[in-house]
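Student: Have a look at this one before I ask anything.
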Amino acid sequence: IAVMGFSMVLPFLAIHFVRDRGTSLTAYAAIQTVAGLFAAIVERISGALSDRLGRRRVMLAALVLRTLNMLALGFFVEANAPLAVLATLLVTNRALWGAFEPAASAAITDLVPADHRAAGFGLQRIGINVGWAIGPALGGLLVATYSYSSMFFAVAPATLLGAVAVSRVTGRAARP
């Protein structure tokens with residue numbers, strides 16, 4: 001669910017920044033590079049945090065904060081905010097995804113018995129792929145029907161739905 005949400009907006013970011021906002025491709029690439037670097041740094045920190053605080057807490061925090069970030073992105077895109085504001089929100093968004101990923105993978109390791117882990121990770125990968133398959137199509141429909149900012153407002157409840165789903169997962173951590 002969370003991947004589908006972000007994949008709705010990601011393919012259209014370059015179009016919005018370059019065509020609609022007049023940002024150079026170099027500047028857009030720099031924003032995405034910084035976002036990727038921050039996500040990598042946060043992934044490392046998040047893995048340790050999920051060991052200390054728990055997988056669910058880290059995943060929930062990342063998804064709830066990402067929901068708020070998506071709403072802010074929609075608002076600031078609609079308000080035609082300066083590039084620096086949008087870039088900061090995009091970097092934050094990617095960092096929040098970086099916080100979610102290691103905790104989600106660790107949760108599979110915790111919750112799925114060792115002899116079924118390959119299937120558990122396979123199922124996770126299928127879900128990610130389905131999200132990437134559906135998201136851009138929904139995003140294109142929203143852009144064609146409404147506006148670019150409408151995608152962010154649609155993604156926010158989808159991300160929050162992901163948080164609700166995470167909050168309802170039950171099970172005991174697998175122990176060796």
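If you're wondering about the labels, chains in the structure tokens are A, B, ... by order shown, residues count from 1 in each chain, ligands from 1 in order shown.
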Env of stretch 1-7 of chain A: 7 Å cut, atoms = only C-alpha atoms, seq-sep filter 6 positions within chain, self excluded. Answer as a list of chain:residue names.
Tutor: A:Ile128, A:Gly131, A:Trp132, A:Ile134, A:Gly135, A:Pro136, A:Val155, A:Ala158, A:Thr159, A:Gly162
Student: A:Ala104, A:Ala119, A:Ile31, A:Ala81: which is nearest A:Asp51, counting only C-alpha atoms?
Tutor: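 The closest residue to A:Asp51 is A:Ala104.
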Student: Tell me, in Å to one decimal, how far atom CA of A:Leu25 is from atom CA of A:Val130.
Tutor: 28.7 Å
Student: Rank A:Pro11, A:Gly36, A:Gly54, A:Pro157 by their smallest atom-to-atom distance to A:Pro102, using only C-alpha atoms, and report the top residue only.
Tutor: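 Distance minimum relative to A:Pro102 lands on A:Gly54.
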Student: Any idea what's packed within 6 Å of stretch 85-97 of chain A, counting only C-alpha atoms, ignoring anything in its chain fewer than 4 positions away? Could you give it as JSON, numbers by chain?
Tutor: {"A": [35, 38, 39, 42, 62]}
Student: Between A:Leu10, A:Leu53, A:Met70, A:Ala30, which residue has the minimum interatomic distance to A:Phe153, considering only C-alpha atoms?
Tutor: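 For A:Phe153, the nearest of the candidates is A:Met70.
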Student: Just checking: using only C-alpha atoms, which residue out of A:Thr170, A:Ser147, A:Thr26, A:Asn69 ends up closest to A:Arg55?
Tutor: A:Thr170
Student: Would you mind reading off the distance between atom CA of A:Gly47 and atom CA of A:Val164, one decimal, in Å?
Tutor: 21.2 Å
Student: Determine the nearest neighbour of A:Leu138 from the options A:Ala118, A:Leu73, A:Ala154, A:Ala61, counting only C-alpha atoms.
Tutor: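 For A:Leu138, the nearest of the candidates is A:Ala154.
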Student: Which residue, A:Val77, A:Ile41, A:Ala156, A:Ala72, has the smallest gap to A:Asp20 when you use only C-alpha atoms?
Tutor: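 Closest candidate: A:Val77.
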